[in-house]
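Colleague: Please read through the structure below; I'll follow up with questions.
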Number of protein chains: 2
Amino acid sequence: MLARMSSAPTFKRLPRAVREQQMLDAAVKVFSRRGYHSASMDDIAEDAGISKPMVYAYLGTKESLFTACLHREGTRMMEAIVGAVAAEMPPDEQLWRALRAFFGFVGAHRDGWAVLYRQARSEQVFAGELSMMRARVIEVVVVLLRRNLPTPAPGTREVRDIDLEVMAYALVGAAESLAEWLTDHPTEDPERLATRLMNATWLGAGQLRLGELWRPPAA
Amino acid sequence: MLARMSSAPTFKRLPRAVREQQMLDAAVKVFSRRGYHSASMDDIAEDAGISKPMVYAYLGTKESLFTACLHREGTRMMEAIVGAVAAEMPPDEQLWRALRAFFGFVGAHRDGWAVLYRQARSEQVFAGELSMMRARVIEVVVVLLRRNLPTPAPGTREVRDIDLEVMAYALVGAAESLAEWLTDHPTEDPERLATRLMNATWLGAGQLRLGELWRPPAA
DNA sequence: GATTGAAGTTACTCTAGCGTAACCTTACGG
DNA sequence: CCGTAAGGTTACGCTAGAGTAACTTCAATC
């Protein structure tokens with residue numbers, strides 16, 4: 001089918017599916033470095049090794065090109081995370097594995113993460129879609145947190161839904177922030193970082209369940 | 001000095017200092033809603049109730065205008081936080097008050113926060129400056145965390161610098177994420193949110209010091 | 001071995017929007 | 001009461017860059 005690669009040295013004329021991926025690769029790279037507006041379609045076309053009209057022919061306008069990047073990278077991230085956990089695992093292990101997968105993804109796909117986290121948030125055309133993805137993640141984290149806080153035993157304090165939601169937001173934000181930290185510490189591997197974060201938050205959650213409560217100072 | 005406001009109903013010809021603040025107000029508002037690139041200088045001038053050349057005369061190019069916004073809002077935020085704590089307070093109270101001041105600032109200056117957090121990060125012209133501000137915050141948090149973990153008593157585990165740094169990044173990220181959450185929960189006041197976050201993280205920090213450690217599952 | 005259409009190109013058009021030149025107009029100090 | 005500079009305006013030049021028209025070329029199919 002497409003096995004005749006050996007004959008031509010610098011062959012052009014690649015099938016659409018291949019070109020599309022090359023274009024998306026280039027787009028993610030350029031968007032992540034320059035930002036949505038500063039990235040020009042010419043830049044992206046050049047980086048993909050193709051001429052601009054081909055980009056328009058395959059991926060449409062700049063906006064739909066960016067959306068395509070968003071979807072590809074978002075799906076990859078979600079799949080990396082979802083594929084790392086199984087429903088039978090204990091909740092803390094699920095969370096840890098999810099974090100590890102997330103940090104692994106960020107480490108391996110810097111550009112994709114930058115597009116998702118940095119660029120997409122600032123453009124309100126894409127912000128809606130993005131915050132829906134984030135909301136899905138938060139919801140999953142809420143479920144995981146709740147599953148680790150079973151029926152309140154006598155003498156323990158009930159953890160209310162709003163507390164769980166706040167914890168989930170905090171945890172997700174912490175993970176995003178540590179993704180930043182990862183960039184400055186390339187020697188740190190995702191597993192150690194996931195463990196660190198678990199330590200920094202999970203014990204807190206555990207204590208909370210036992211009724212320990214930090215209280216604001218009087219006055 | 002400038003007390004003659006009562007005489008003229010719709011007076012023009014305001015002194016430079018006043019106009020500059022109006023322009024910055026408008027710029028922060030428009031930048032926060034539209035983003036750096038999509039915001040046009042005409043938009044900003046119109047919103048400020050002045051013509052475009054005046055904006056150029058007082059604040060210079062678009063880039064320097066945005067930088068001015070960044071500095072004003074960044075300074076305001078820093079002052080709100082720094083002004084809320086005093087060195088004699090116990091470290092946990094300092095942290096709590098800082099968080100409360102931060103959430104208070106975000107609640108009261110949505111636009112300013114959006115400019116700082118959303119827009120400035122995506123443009124690498126400003127990203128450097130921004131990450132320096134963030135680094136200063138992180139450093140302060142590291143100090144606060146360390147001061148709450150005094151000389152390790154016998155039988156307790158030493159908390160290393162890198163752990164503190166990770167916790168600080170996590171805490172700052174959590175706060176940023178909860179700033180987002182605040183937008184969707186306008187009834188929640190900054191004080192309660194600060195307390196929630198303290199509960200979600202401080203107890204964790206306390207436990208960490210006592211040698212409790214979450215461990216990743218084997219294999 | 002023509003035909004068709006997918007892969008690819010060059011060379012434009014057109015607009016948004018930054019930045020400015022050239023020009024008014026009012027307050028106020030001498 | 002007049003000169004001047006600060007406050008203010010209209011109207012424009014110019015460029016970057018999105019999007020397209022109008023081609024060319026190759027490979028597979030009948």
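How things are named: the first chain in the structure tokens is A, the next is B, and so on; residues count from 1 in each chain; ligands count from 1 in the order shown.
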Quick one: residues within 9 Å of A:His37, only C-alpha atoms (C1' of nucleotides), excluding same-chain residues fewer than 6 positions away - as a list in words?
Modeller: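 Surrounding residues, per the criterion: Phe31 of chain A; His37 and Ser38 of chain B.
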Colleague: Just write the chosen residues, N, CA and C atoms, as a PDB file, in the first residue's frame.
Modeller:
```
ATOM      1  N   PHE A  31       1.845  27.204  18.207  1.00  0.00           N
ATOM      2  CA  PHE A  31       0.885  27.830  19.123  1.00  0.00           C
ATOM      3  C   PHE A  31       1.448  27.870  20.535  1.00  0.00           C
TER       4      PHE A  31
ATOM      5  N   HIS B  37      -4.267  40.452  22.542  1.00  0.00           N
ATOM      6  CA  HIS B  37      -4.281  40.735  21.106  1.00  0.00           C
ATOM      7  C   HIS B  37      -5.648  41.208  20.617  1.00  0.00           C
ATOM      8  N   SER B  38      -6.678  40.558  21.099  1.00  0.00           N
ATOM      9  CA  SER B  38      -8.019  40.917  20.615  1.00  0.00           C
ATOM     10  C   SER B  38      -8.470  42.283  21.109  1.00  0.00           C
TER      11      SER B  38
END
```
Colleague: Compute the chain A side of the contact with chain D at 9 Å, counting only C-alpha atoms (C1' of nucleotides), and hand it back as JSON, numbers by chain.
Modeller: {"A": [13, 40, 41, 42, 53, 56, 61, 62]}
Colleague: Do you have the atom CA of B:Leu178-atom CA of B:Ala27 distance handy?
Modeller: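 Straight-line distance from atom CA of B:Leu178 to atom CA of B:Ala27 works out to 25.2 Å.
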Colleague: Using DSSP on the backbone, list every residue of stretch 13-159 of chain B that comes out as helix (DSSP H, G or I), and give them as an MDAnalysis selection string.
Modeller: chainID B and resid 16:34 41:48 52:59 62:82 91:108 110:122 124:147
Colleague: At a cut-off of 9 Å, can you tabulate as CSV every residue of chain C near chain B together with its closest atom pair and the distance in Å to one decimal, using only C-alpha atoms (C1' of nucleotides) and ordering rows by chain then number?
Modeller:
```
residue,atom,partner,partner_atom,distance
C:DG17,C1',B:Ser40,CA,6.8
C:DC18,C1',B:Met41,CA,7.9
C:DG19,C1',B:Thr61,CA,7.9
C:DT20,C1',B:Pro53,CA,8.3
C:DT26,C1',B:Arg13,CA,8.4
```
Colleague: Rounded to one decimal place, report the atom CA of B:Val143-atom CA of B:Gly107 distance in Å.
Modeller: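 Interatomic distance, atom CA of B:Val143 to atom CA of B:Gly107: 26.0 Å.
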Colleague: Got a sec: who's within 8 Å of A:Leu24, counting only C-alpha atoms (C1' of nucleotides), leaving out chain neighbours fewer than 3 positions off, as number ranges by chain?
Modeller: A: 20-21, 27-28, 65, 68-69
Colleague: Listing only residues of chain B within 6 Å of chain A, what is the closest atom pair and its distance in Å (to one decimal) for each, using only C-alpha atoms, sorted by chain and residue number ascending, as CSV?
Modeller:
```
residue,atom,partner,partner_atom,distance
B:Arg118,CA,A:Ser122,CA,5.4
B:Gln119,CA,A:Ser122,CA,5.5
B:Ser122,CA,A:Arg118,CA,5.4
B:Tyr169,CA,A:Ser177,CA,6.0
B:Ala170,CA,A:Ala174,CA,4.0
B:Gly173,CA,A:Ala174,CA,4.5
B:Ala174,CA,A:Ala170,CA,4.0
B:Ser177,CA,A:Gly173,CA,4.7
B:Asn199,CA,A:Trp214,CA,5.4
B:Ala200,CA,A:Gly204,CA,5.6
B:Thr201,CA,A:Gly204,CA,5.5
B:Leu203,CA,A:Gly204,CA,4.8
B:Gly204,CA,A:Gly204,CA,3.4
B:Trp214,CA,A:Asn199,CA,5.4
```
Colleague: Give me, please, the distance in Å between atom CA of A:Phe102 and atom CA of A:Glu129, quoted to one decimal.
Modeller: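 Atom-to-atom, atom CA of A:Phe102 and atom CA of A:Glu129 are spaced 19.4 Å apart.
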